[in-house]
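Raw contents of input.txt, compact mmCIF, C-alpha atoms and all ligand atoms:
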```
# COMPACT_ATOMS: atom_id res chain seq x y z
CA MET M 1 116.37 41.73 53.16
CA LYS M 2 120.13 41.34 53.07
CA LEU M 3 120.50 44.86 51.66
CA LEU M 4 118.30 46.30 54.40
CA THR M 5 120.36 44.59 57.13
CA SER M 6 123.53 45.96 55.58
CA ILE M 7 122.19 49.54 55.54
CA LEU M 8 120.98 49.24 59.13
CA LEU M 9 124.35 47.88 60.28
CA SER M 10 126.33 50.62 58.56
CA THR M 11 124.02 53.32 60.07
CA LEU M 12 124.50 51.88 63.55
CA LEU M 13 128.25 51.77 63.05
CA SER M 14 128.39 55.42 61.96
CA ILE M 15 126.40 56.47 65.04
CA ALA M 16 128.79 54.44 67.17
CA ASN M 17 131.77 56.07 65.51
CA ALA M 18 130.45 59.55 66.08
CA GLN M 19 129.51 59.02 69.70
CA PHE M 20 131.87 56.52 71.24
CA ILE M 21 135.17 56.45 69.41
CA PRO M 22 137.68 58.92 70.91
CA GLN M 23 138.34 62.00 68.81
CA GLU M 24 142.09 61.36 69.05
CA PHE M 25 141.66 58.08 67.19
CA ILE M 26 139.72 59.71 64.34
CA SER M 27 142.25 62.52 63.96
CA GLY M 28 145.26 60.29 63.93
CA TYR M 29 145.93 59.05 67.44
CA ALA M 30 147.90 56.21 66.00
CA ASP M 31 150.41 58.56 64.46
CA SER M 32 153.16 58.60 67.06
CA ALA M 33 155.03 61.22 65.03
CA ILE M 34 152.48 63.83 66.07
CA HIS M 35 152.62 62.81 69.72
CA SER M 36 156.37 62.83 69.88
CA LEU M 37 156.56 66.45 68.66
CA GLU M 38 158.21 68.79 71.19
CA LEU M 39 156.30 72.10 71.39
CA PRO M 40 158.17 75.26 72.42
CA VAL M 41 156.81 77.18 75.47
CA THR M 42 155.10 80.39 74.34
CA PHE M 43 154.53 83.64 76.23
CA ILE M 44 151.00 82.65 77.15
CA ASP M 45 152.14 79.14 78.09
CA SER M 46 154.67 80.58 80.53
CA ILE M 47 151.90 82.42 82.44
CA PHE M 48 148.75 80.35 81.99
CA GLY M 49 150.14 77.04 80.66
CA ASP M 50 148.84 74.90 83.52
CA ILE M 51 145.35 76.22 82.96
CA ILE M 52 145.06 76.23 79.17
CA ASN M 53 147.20 73.31 78.02
CA THR M 54 144.75 70.48 78.47
CA PRO M 55 145.63 67.22 76.60
CA GLU M 56 143.13 68.16 73.87
CA VAL M 57 144.66 71.62 73.35
CA THR M 58 148.18 70.22 73.32
CA LEU M 59 147.22 67.63 70.72
CA LEU M 60 145.55 70.31 68.57
CA LYS M 61 148.72 72.42 68.68
CA LYS M 62 150.83 69.42 67.66
CA GLN M 63 148.48 68.67 64.79
CA LYS M 64 148.75 72.26 63.54
CA VAL M 65 152.54 72.09 63.66
CA TYR M 66 152.56 68.64 62.05
CA SER M 67 150.25 69.76 59.25
CA GLY M 68 152.42 72.81 58.63
CA GLU M 69 149.70 75.30 59.63
CA ILE M 70 152.05 76.77 62.26
CA SER M 71 155.81 76.47 61.98
CA ILE M 72 158.20 75.84 64.85
CA PRO M 73 160.02 79.11 64.06
CA GLU M 74 156.70 80.94 64.51
CA PHE M 75 156.43 79.43 67.98
CA ASN M 76 160.01 80.44 68.70
CA GLN M 77 159.37 83.95 67.44
CA VAL M 78 156.67 84.42 70.08
CA GLN M 79 158.85 82.75 72.66
CA SER M 80 161.72 85.13 72.13
CA SER M 81 159.63 88.30 72.45
CA SER M 82 160.79 90.70 75.13
CA LEU M 83 157.56 90.35 77.13
CA HIS M 84 158.03 86.64 77.36
CA GLN M 85 161.62 87.04 78.53
CA TYR M 86 160.41 89.58 81.09
CA TYR M 87 157.88 87.21 82.60
CA LYS M 88 160.34 84.32 82.40
CA SER M 89 162.88 86.26 84.41
CA LYS M 90 160.21 87.61 86.82
CA ASN M 91 158.62 84.33 87.80
CA ILE M 92 156.42 84.67 90.89
CA GLU M 93 158.19 83.73 94.07
CA PHE M 94 155.62 82.83 96.68
CA PRO M 95 156.37 83.83 100.28
CA LYS M 96 157.24 81.25 102.94
CA LYS M 97 154.10 79.73 104.45
CA ASN M 98 154.54 81.53 107.77
CA TYR M 99 154.68 84.99 106.12
CA VAL M 100 151.42 86.90 106.80
CA SER M 101 152.36 90.60 106.68
CA ASP M 102 150.49 91.21 103.42
CA ILE M 103 147.42 89.39 104.78
CA ILE M 104 147.45 91.54 107.92
CA GLU M 105 148.20 94.89 106.31
CA ASN M 106 146.75 94.94 102.82
CA GLU M 107 142.99 94.67 103.27
CA GLU M 108 141.02 95.15 100.07
CA LEU M 109 138.10 97.60 100.08
CA TYR M 110 135.61 94.76 99.64
CA SER M 111 137.05 92.47 102.32
CA GLY M 112 137.25 92.45 106.08
CA ILE M 113 134.79 92.79 108.96
CA VAL M 114 132.85 95.91 107.97
CA SER M 115 133.40 99.10 109.95
CA PHE M 116 132.50 102.58 108.71
CA ALA M 117 135.02 103.53 106.01
CA HIS M 118 137.37 100.80 107.32
CA LEU M 119 138.01 102.81 110.50
CA PRO M 120 139.51 100.87 113.40
CA VAL M 121 136.93 99.23 115.67
CA GLN M 122 137.18 100.24 119.33
CA LYS M 123 135.33 99.23 122.50
CA CYS M 124 134.22 102.81 123.31
CA PHE M 125 131.82 101.99 126.15
CA GLN M 126 134.81 101.13 128.35
CA ASN M 127 138.58 101.86 128.46
CA PHE M 128 137.96 105.59 128.99
CA ASN M 129 141.66 106.44 129.08
CA GLU M 130 141.91 105.81 125.32
CA ASN M 131 141.53 109.13 123.52
CA ILE M 132 139.21 109.48 120.53
CA ASP M 133 138.50 112.56 118.42
CA ILE M 134 135.51 111.32 116.42
CA ALA M 135 133.47 108.19 117.24
CA ILE M 136 131.02 106.48 114.90
CA VAL M 137 128.24 104.56 116.67
CA GLY M 138 125.11 102.78 115.44
CA ALA M 139 121.61 103.20 116.88
CA PRO M 140 119.70 100.21 115.45
CA PHE M 141 116.16 101.20 116.39
CA ASP M 142 112.90 101.77 114.48
CA SER M 143 110.15 101.42 117.07
CA GLY M 144 109.28 105.13 116.72
CA VAL M 145 108.33 105.07 113.05
CA SER M 146 104.86 106.21 111.93
CA TYR M 147 105.03 104.64 108.47
CA SER M 148 107.61 102.18 107.11
CA PRO M 149 109.98 100.35 109.49
CA GLY M 150 113.44 99.05 108.50
CA ALA M 151 115.84 101.62 109.93
CA ARG M 152 116.95 99.23 112.68
CA PHE M 153 119.11 97.76 109.90
CA GLY M 154 120.41 101.22 108.96
CA PRO M 155 123.74 101.13 110.84
CA ASN M 156 124.70 97.93 109.03
CA GLY M 157 123.44 99.37 105.72
CA VAL M 158 125.53 102.52 106.13
CA ARG M 159 128.66 100.53 106.90
CA GLN M 160 128.10 98.32 103.86
CA GLY M 161 127.62 101.47 101.79
CA SER M 162 130.85 102.98 103.13
CA ARG M 163 133.21 100.25 101.91
CA ARG M 164 134.72 102.35 99.13
CA LEU M 165 135.37 105.25 101.51
CA SER M 166 138.72 105.27 103.27
CA GLY M 167 142.05 106.79 102.31
CA GLY M 168 142.52 108.79 99.17
CA ILE M 169 141.59 112.28 98.09
CA SER M 170 138.13 113.20 96.83
CA ALA M 171 138.16 115.06 93.54
CA ILE M 172 135.18 117.21 94.57
CA ARG M 173 135.50 117.81 98.34
CA GLY M 174 135.23 121.54 99.08
CA ASN M 175 133.36 123.96 96.85
CA THR M 176 136.37 126.05 95.81
CA LYS M 177 140.11 125.52 95.54
CA GLU M 178 140.51 128.04 98.36
CA SER M 179 138.47 125.79 100.68
CA LYS M 180 140.45 124.01 103.42
CA LEU M 181 138.37 120.95 102.53
CA TYR M 182 139.80 120.95 99.02
CA ARG M 183 141.87 117.78 98.58
CA LEU M 184 141.78 117.13 102.34
CA PRO M 185 142.34 113.40 103.05
CA ILE M 186 139.87 113.39 105.95
CA TYR M 187 140.60 109.84 107.15
CA ASP M 188 144.34 110.46 107.24
CA THR M 189 144.93 113.69 109.16
CA GLY M 190 146.21 112.31 112.47
CA LEU M 191 142.85 112.80 114.23
CA ARG M 192 141.75 109.55 115.87
CA MET M 193 138.51 108.35 114.28
CA VAL M 194 137.03 104.99 115.30
CA ASP M 195 133.92 102.87 114.83
CA CYS M 196 132.42 101.92 118.21
CA GLY M 197 129.94 99.41 116.75
CA ASP M 198 126.28 99.71 117.79
CA VAL M 199 124.53 100.44 121.07
CA PRO M 200 122.25 97.41 121.51
CA MET M 201 118.68 98.78 121.60
CA ILE M 202 115.75 96.61 122.65
CA PRO M 203 112.96 96.60 120.02
CA PHE M 204 110.05 96.04 122.42
CA ASP M 205 110.06 99.17 124.60
CA SER M 206 111.22 102.54 123.29
CA ARG M 207 111.80 103.87 126.79
CA ILE M 208 114.34 101.16 127.60
CA ALA M 209 115.93 101.39 124.14
CA LEU M 210 116.40 105.17 124.25
CA ASP M 211 117.86 104.93 127.74
CA GLN M 212 120.34 102.34 126.42
CA LEU M 213 121.33 104.78 123.68
CA TYR M 214 121.70 107.60 126.20
CA ARG M 215 124.05 105.55 128.37
CA GLY M 216 126.01 104.49 125.27
CA HIS M 217 126.49 108.10 124.19
CA HIS M 218 127.33 109.16 127.73
CA ALA M 219 130.05 106.50 127.86
CA ILE M 220 131.57 107.65 124.56
CA HIS M 221 131.53 111.28 125.67
CA LYS M 222 133.66 110.29 128.69
CA HIS M 223 136.64 109.89 126.36
CA ASN M 224 138.94 112.83 125.86
CA SER M 225 140.04 113.93 122.40
CA THR M 226 143.69 113.66 121.33
CA GLU M 227 146.16 116.56 121.34
CA LYS M 228 145.61 116.87 117.60
CA SER M 229 142.10 118.32 118.12
CA LYS M 230 142.29 122.10 118.42
CA ASN M 231 138.79 123.02 119.58
CA PHE M 232 137.25 120.05 121.38
CA ASN M 233 138.37 118.36 124.61
CA LYS M 234 135.86 115.53 124.39
CA THR M 235 135.03 112.90 121.77
CA ARG M 236 132.45 113.98 119.21
CA VAL M 237 129.89 111.37 118.16
CA VAL M 238 128.50 110.56 114.71
CA THR M 239 125.40 108.36 115.04
CA LEU M 240 124.14 105.97 112.36
CA GLY M 241 120.35 105.63 112.66
CA GLY M 242 117.96 104.26 113.36
CA ASP M 243 114.66 106.15 113.09
CA HIS M 244 114.65 109.86 113.84
CA THR M 245 113.53 109.38 117.46
CA VAL M 246 117.15 108.54 118.35
CA THR M 247 118.19 112.12 117.57
CA LEU M 248 116.57 113.39 120.78
CA ILE M 249 119.10 111.31 122.71
CA ASN M 250 121.98 112.29 120.42
CA ILE M 251 121.18 115.99 120.95
CA LYS M 252 120.72 115.53 124.70
CA SER M 253 124.14 113.91 125.14
CA ALA M 254 125.87 116.42 122.83
CA TYR M 255 124.17 119.28 124.70
CA GLU M 256 125.31 117.96 128.08
CA THR M 257 128.87 117.58 126.80
CA PHE M 258 129.40 120.64 124.60
CA ALA M 259 126.85 123.41 125.29
CA ASP M 260 128.81 126.38 126.61
CA ASP M 261 125.79 128.29 127.96
CA ASP M 262 122.05 127.85 128.56
CA GLU M 263 121.15 128.90 125.04
CA GLY M 264 121.15 125.39 123.60
CA LEU M 265 122.70 124.04 120.42
CA ALA M 266 122.03 125.42 116.95
CA ILE M 267 120.25 122.61 115.12
CA ILE M 268 120.68 122.05 111.38
CA HIS M 269 117.91 119.63 110.46
CA PHE M 270 117.90 118.15 106.97
CA ASP M 271 114.50 116.52 106.41
CA SER M 272 111.41 116.57 104.24
CA HIS M 273 109.31 116.81 107.44
CA ILE M 274 109.49 119.39 110.24
CA ASP M 275 109.55 116.78 113.08
CA THR M 276 108.46 119.43 115.64
CA TRP M 277 104.89 118.16 115.63
CA ASP M 278 102.91 118.75 118.78
CA PRO M 279 102.77 115.34 120.52
CA LYS M 280 99.05 115.86 121.09
CA VAL M 281 98.70 115.89 117.28
CA LEU M 282 101.08 113.06 116.36
CA GLY M 283 100.82 109.90 118.48
CA GLY M 284 100.29 111.41 121.90
CA ALA M 285 96.53 111.27 121.79
CA VAL M 286 96.89 107.57 122.67
CA THR M 287 99.41 107.47 125.53
CA LYS M 288 102.29 109.58 126.84
CA TYR M 289 104.57 106.73 125.82
CA ALA M 290 103.40 106.99 122.20
CA SER M 291 103.89 110.76 122.17
CA LEU M 292 107.66 110.54 121.62
CA ASN M 293 108.29 109.35 118.09
CA HIS M 294 110.15 110.23 114.91
CA GLY M 295 107.82 113.14 114.18
CA THR M 296 107.81 114.81 117.62
CA PHE M 297 111.35 114.48 118.95
CA LEU M 298 112.30 118.08 118.04
CA HIS M 299 109.30 119.36 120.02
CA TYR M 300 110.73 117.57 123.06
CA ALA M 301 114.27 118.79 122.33
CA ALA M 302 112.94 122.37 122.25
CA GLU M 303 110.92 121.81 125.43
CA ALA M 304 114.06 120.51 127.19
CA GLY M 305 116.02 123.61 126.18
CA TYR M 306 118.51 121.83 123.91
CA ILE M 307 117.67 123.99 120.87
CA SER M 308 119.07 127.47 120.33
CA LYS M 309 115.96 129.36 119.19
CA GLY M 310 116.43 131.57 116.17
CA ASN M 311 119.71 129.79 115.35
CA SER M 312 118.14 126.56 114.08
CA VAL M 313 116.89 125.59 110.66
CA HIS M 314 115.13 122.86 108.69
CA VAL M 315 116.48 122.16 105.19
CA GLY M 316 114.64 120.28 102.41
CA ILE M 317 111.10 120.59 103.84
CA ARG M 318 108.26 119.61 101.48
CA ALA M 319 105.90 117.17 103.26
CA PRO M 320 102.40 118.39 104.15
CA PHE M 321 101.72 120.15 107.43
CA ILE M 322 99.14 118.23 109.46
CA SER M 323 97.38 121.25 110.95
CA ASP M 324 97.17 125.02 110.45
CA ASN M 325 99.13 125.50 113.65
CA ASP M 326 102.17 123.43 112.56
CA GLU M 327 104.20 126.36 111.20
CA VAL M 328 103.50 128.55 114.23
CA HIS M 329 104.43 125.73 116.58
CA ASP M 330 107.56 124.99 114.57
CA HIS M 331 108.65 128.63 114.82
CA ASP M 332 107.99 128.55 118.59
CA CYS M 333 110.35 125.55 118.76
CA GLY M 334 113.05 127.81 117.31
CA PHE M 335 113.28 126.91 113.62
CA GLU M 336 113.43 128.67 110.31
CA ILE M 337 112.47 126.71 107.18
CA ILE M 338 114.35 126.21 103.90
CA THR M 339 112.13 124.17 101.57
CA SER M 340 113.31 121.81 98.84
CA LYS M 341 112.23 124.33 96.18
CA ASP M 342 114.30 127.03 97.91
CA VAL M 343 117.29 125.04 96.64
CA ASP M 344 116.18 125.94 93.09
CA THR M 345 116.09 129.66 93.78
CA LEU M 346 118.98 130.01 96.24
CA THR M 347 121.27 127.39 94.57
CA PRO M 348 122.94 124.75 96.77
CA ARG M 349 125.82 127.04 97.72
CA GLY M 350 123.35 129.82 98.54
CA VAL M 351 121.46 127.42 100.82
CA GLY M 352 124.71 126.57 102.59
CA GLN M 353 125.50 130.25 103.11
CA LYS M 354 122.00 130.93 104.46
CA ILE M 355 122.33 128.04 106.93
CA LYS M 356 125.66 129.46 108.15
CA GLU M 357 124.08 132.87 108.68
CA ILE M 358 121.33 131.29 110.78
CA VAL M 359 123.58 129.17 113.05
CA GLY M 360 126.26 131.87 113.40
CA ASN M 361 128.95 131.04 115.96
CA ARG M 362 126.77 128.73 118.04
CA PRO M 363 127.86 125.13 118.69
CA VAL M 364 125.95 123.09 116.10
CA TYR M 365 124.28 119.69 116.09
CA LEU M 366 123.42 118.49 112.57
CA THR M 367 120.83 115.79 111.98
CA PHE M 368 120.22 114.40 108.50
CA ASP M 369 117.04 112.46 107.67
CA LEU M 370 117.73 110.38 104.57
CA ASP M 371 114.31 111.37 103.18
CA THR M 372 115.90 114.72 102.31
CA PHE M 373 116.93 112.85 99.16
CA ASP M 374 114.29 112.45 96.50
CA ALA M 375 112.06 109.40 96.92
CA GLY M 376 113.47 107.78 93.77
CA MET M 377 116.99 107.62 95.16
CA ILE M 378 116.83 105.95 98.56
CA ASN M 379 114.70 103.89 100.93
CA SER M 380 113.55 105.60 104.11
CA GLY M 381 110.72 105.57 106.67
CA THR M 382 108.55 108.22 105.02
CA LEU M 383 109.59 108.85 101.41
CA GLU M 384 108.57 112.13 99.73
CA ALA M 385 108.78 113.30 96.11
CA GLY M 386 110.39 116.61 95.17
CA GLY M 387 113.63 116.06 97.06
CA LEU M 388 117.31 116.87 96.61
CA ASN M 389 119.92 114.88 94.72
CA SER M 390 123.25 113.73 96.12
CA ARG M 391 125.40 116.37 94.41
CA GLU M 392 123.18 119.20 95.71
CA ILE M 393 123.45 117.79 99.20
CA MET M 394 127.24 117.35 98.98
CA THR M 395 127.59 120.97 97.86
CA ILE M 396 125.36 122.31 100.65
CA ILE M 397 127.28 120.33 103.28
CA ASP M 398 130.70 121.45 102.01
CA GLU M 399 129.46 125.06 102.04
CA LEU M 400 129.03 124.72 105.83
CA GLU M 401 132.83 124.61 106.27
CA GLY M 402 133.82 126.34 109.50
CA ILE M 403 130.72 125.64 111.63
CA LYS M 404 131.32 124.39 115.19
CA LEU M 405 129.93 120.89 114.69
CA VAL M 406 129.70 119.12 118.09
CA GLY M 407 127.85 116.04 116.85
CA CYS M 408 125.77 114.73 113.97
CA ASP M 409 123.75 111.82 112.69
CA VAL M 410 122.26 110.32 109.55
CA VAL M 411 118.94 108.64 110.32
CA GLU M 412 115.96 106.91 108.72
CA VAL M 413 118.36 104.76 106.68
CA SER M 414 116.04 101.89 105.83
CA THR M 415 117.97 98.86 104.65
CA PRO M 416 115.95 95.82 105.77
CA PRO M 417 116.91 92.34 104.53
CA ASN M 418 115.80 91.09 101.10
CA THR M 419 115.08 94.58 99.82
CA ILE M 420 116.09 95.99 96.44
CA GLY M 421 118.00 99.28 96.61
CA ASN M 422 119.75 98.72 99.94
CA ASP M 423 123.20 99.23 98.40
CA ILE M 424 122.31 102.66 97.00
CA THR M 425 120.56 103.72 100.22
CA GLY M 426 123.61 102.74 102.27
CA LEU M 427 125.98 104.38 99.81
CA TYR M 428 124.09 107.71 99.89
CA ALA M 429 123.91 107.70 103.68
CA ALA M 430 127.63 106.93 103.91
CA GLN M 431 128.41 109.76 101.50
CA VAL M 432 126.51 112.24 103.69
CA ILE M 433 128.49 111.07 106.71
CA ASP M 434 131.70 111.43 104.74
CA GLY M 435 130.76 115.07 104.10
CA LEU M 436 129.91 115.65 107.77
CA LEU M 437 133.20 114.09 108.86
CA GLY M 438 134.92 116.57 106.54
CA LEU M 439 133.23 119.43 108.46
CA MET M 440 134.31 117.89 111.79
CA VAL M 441 137.91 117.39 110.68
CA VAL M 442 138.56 120.65 108.84
CA THR M 443 138.30 122.95 111.86
CA GLU M 444 140.69 120.87 113.95
CA LEU M 445 143.81 121.14 111.83
CA ASP M 446 146.61 123.70 111.91
MN MN B 501 112.79 113.04 110.24
```
Now, as a test, write the supplied structure out as structure tokens.
Ligand SMILES: [Mn+2]
Amino acid sequence: MKLLTSILLSTLLSIANAQFIPQEFISGYADSAIHSLELPVTFIDSIFGDIINTPEVTLLKKQKVYSGEISIPEFNQVQSSSLHQYYKSKNIEFPKKNYVSDIIENEELYSGIVSFAHLPVQKCFQNFNENIDIAIVGAPFDSGVSYSPGARFGPNGVRQGSRRLSGGISAIRGNTKESKLYRLPIYDTGLRMVDCGDVPMIPFDSRIALDQLYRGHHAIHKHNSTEKSKNFNKTRVVTLGGDHTVTLINIKSAYETFADDDEGLAIIHFDSHIDTWDPKVLGGAVTKYASLNHGTFLHYAAEAGYISKGNSVHVGIRAPFISDNDEVHDHDCGFEIITSKDVDTLTPRGVGQKIKEIVGNRPVYLTFDLDTFDAGMINSGTLEAGGLNSREIMTIIDELEGIKLVGCDVVEVSTPPNTIGNDITGLYAAQVIDGLLGLMVVTELD
């Protein structure tokens, strides 16, 4: 019994030792010689010493020196290295607490209140004496969608996707070294480009919402351009959609501002769908109100005389026609068709050249439905397989260098909350706008 008690007691004591007695005591806390050692300051200590030299680490270092594992000269050797001397002589001097110039001027690409490509934010619906060359504006609206909603969040999604656009020179802008786009720093040319924010659009009644957008565009078009702009007296607008219905208003306002005759604007329409559907076929069988939607707006634009017939083209078409009459009706609205498979045979540069032949010298409005991209790449209102990739699209857009672009939009950018893939969708949409801005800028410079 006595033996058993002794074993039990010694077991308990060893557990107590392991768990409750400080490590310092076990490894020689009592030895004041170790504690009184003076350690030299190393290179790493001089930079990160406050962070890494906890009491435990310091004690460990002293033990290693005391045991002879590391010698004081070895410490000194590191200390006297040139790097260490450099950092010692270049100690950070923090600015005075009232100094804020770096905070005001040096915004990082991932910080700040988000505008498109970090452009300055301007109140464009007022202060009409302030000149603007190119204005970005959001149209957060998706009440005209036949399939999947979410594009009301598109303007925000595009801006989020544009955060790494800003100054700098793209390595691949322009398709040849002879192109004026080649190495053009489009955000830094002296043209005044601003982000006007969004036109608030009510979600409950498309008629009210589209009228709000019209008045927003009309207000922006009241601004004059700066002296830097060679060919345009008025501000040109780039709209962030929004479902494709908003393009009817974008074209209407651009037509009223820039059409130089009654012939209408040449329309370049990137999309997987024709969007000229007869309203009696798509939506309008219910009410007149329902007849204007994201699949019929180009019918109405043609009916209103905004489209230059024979000078307009769809690019990327592949979705099914609804009726046998669709192609005939589309041609009556003024369009030629370049399908997504035509990109295989013509090549992207060939597609660009064909588009330029079709639009000629007409003033051009370009509208880009994000579903031109292949379904696997982005989120949009009506995704379709068999689409284009981003490099093909960038090449086609750059090939359009020289067209008279009076306005443009990127629409059907579906980036609703809590949805996977929003970052890529926004990034692709922003990249298309970057290309379109290049086309708007390149013709205005000496
Ligand atoms: Mn569309």
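Near ligand MN 501 (chain B), at distances of 7 Å or less and with only C-alpha atoms and all ligand atoms counted, sit the residues His244, Asp271, His273, Asp275, His294, Gly295 and Asp369 of chain M.
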Export, as a PDB file, in the coordinates of the input, the selected residues with C-alpha atoms.
```pdb
ATOM      1  CA  HIS M 244     114.650 109.860 113.840  1.00  0.00           C
ATOM      2  CA  ASP M 271     114.500 116.520 106.410  1.00  0.00           C
ATOM      3  CA  HIS M 273     109.310 116.810 107.440  1.00  0.00           C
ATOM      4  CA  ASP M 275     109.550 116.780 113.080  1.00  0.00           C
ATOM      5  CA  HIS M 294     110.150 110.230 114.910  1.00  0.00           C
ATOM      6  CA  GLY M 295     107.820 113.140 114.180  1.00  0.00           C
ATOM      7  CA  ASP M 369     117.040 112.460 107.670  1.00  0.00           C
TER       8      ASP M 369
END
```
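Straight-line separation from CA of Thr415 (chain M) to CA of Ala430 (chain M): 12.6 Å.
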Do you know which residues lie at most 12 Å from (129.4, 112.0, 111.7), with coordinates as in the file and all atoms listed in the file counted, and could you write them as a PyMOL selection string? chain M and resi 116-117+133-138+158+193-195+235-241+250+365-368+405-411+429-441
Within 10 Å of Arg163 (chain M), counting all atoms listed in the file, which residues qualify if same-chain residues fewer than 2 places away don't, as a PyMOL selection string? chain M and resi 108-112+114-118+158-161+165-166+426-427+430
Name the residues in contact with Val364 (chain M) at a cut-off of 10 Å, using all atoms listed in the file, excluding same-chain residues fewer than 2 positions from it; report them as a ChimeraX atom specification. /M:251,254-255,258-259,264-268,307-308,311-312,359-362,366-367,403-408
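The coordinates place CA of Lys222 (chain M) at 12.8 Å from CA of Lys123 (chain M).
Using all atoms listed in the file for every distance, the candidate list M:Ile397, M:Ala219, M:Ile103, M:Val246 yields M:Val246 as the residue closest to Asn293 (chain M).
Neighbourhood of point (107.7, 124.9, 112.8): residues with an atom at most 10 Å away, counting all atoms listed in the file, are His273, Ile274, Asp275, Thr276, Trp277, Asp278, Leu298, His299, Val313, His314, Phe321, Asn325, Asp326, Glu327, Val328, His329, Asp330, His331, Asp332, Cys333, Gly334, Phe335, Glu336 and Ile337 of chain M.
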Keeping only C-alpha atoms, write the selected residues as a JSON list (two decimals), in the coordinates of the input.
```
[["chain", "number", "residue", "atom", "x", "y", "z"],
["M", 273, "HIS", "CA", 109.31, 116.81, 107.44],
["M", 274, "ILE", "CA", 109.49, 119.39, 110.24],
["M", 275, "ASP", "CA", 109.55, 116.78, 113.08],
["M", 276, "THR", "CA", 108.46, 119.43, 115.64],
["M", 277, "TRP", "CA", 104.89, 118.16, 115.63],
["M", 278, "ASP", "CA", 102.91, 118.75, 118.78],
["M", 298, "LEU", "CA", 112.30, 118.08, 118.04],
["M", 299, "HIS", "CA", 109.30, 119.36, 120.02],
["M", 313, "VAL", "CA", 116.89, 125.59, 110.66],
["M", 314, "HIS", "CA", 115.13, 122.86, 108.69],
["M", 321, "PHE", "CA", 101.72, 120.15, 107.43],
["M", 325, "ASN", "CA", 99.13, 125.50, 113.65],
["M", 326, "ASP", "CA", 102.17, 123.43, 112.56],
["M", 327, "GLU", "CA", 104.20, 126.36, 111.20],
["M", 328, "VAL", "CA", 103.50, 128.55, 114.23],
["M", 329, "HIS", "CA", 104.43, 125.73, 116.58],
["M", 330, "ASP", "CA", 107.56, 124.99, 114.57],
["M", 331, "HIS", "CA", 108.65, 128.63, 114.82],
["M", 332, "ASP", "CA", 107.99, 128.55, 118.59],
["M", 333, "CYS", "CA", 110.35, 125.55, 118.76],
["M", 334, "GLY", "CA", 113.05, 127.81, 117.31],
["M", 335, "PHE", "CA", 113.28, 126.91, 113.62],
["M", 336, "GLU", "CA", 113.43, 128.67, 110.31],
["M", 337, "ILE", "CA", 112.47, 126.71, 107.18]]
```
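Each of M:Glu178, M:Asp374, M:Glu38, M:Asp262 was checked against Ser390 (chain M) using only C-alpha atoms; the smallest atom-to-atom distance is that of M:Asp374.
Our summary of the geometry notes that CA of Ser36 (chain M) is positioned 22.6 Å from CA of Phe48 (chain M).
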For Val281 (chain M), please output as a ChimeraX atom specification all residues within 9 Å (counting all atoms listed in the file; exclusion window: fewer than 5 positions along the same chain). /M:291,322-323
Could those residues be written to a file, using C-alpha atoms, as a tab-separated table (two decimals), in the frame of the given file?
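And here is the file that came out, selection_23.tsv:
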```
chain	number	residue	atom	x	y	z
M	291	SER	CA	103.89	110.76	122.17
M	322	ILE	CA	99.14	118.23	109.46
M	323	SER	CA	97.38	121.25	110.95
```
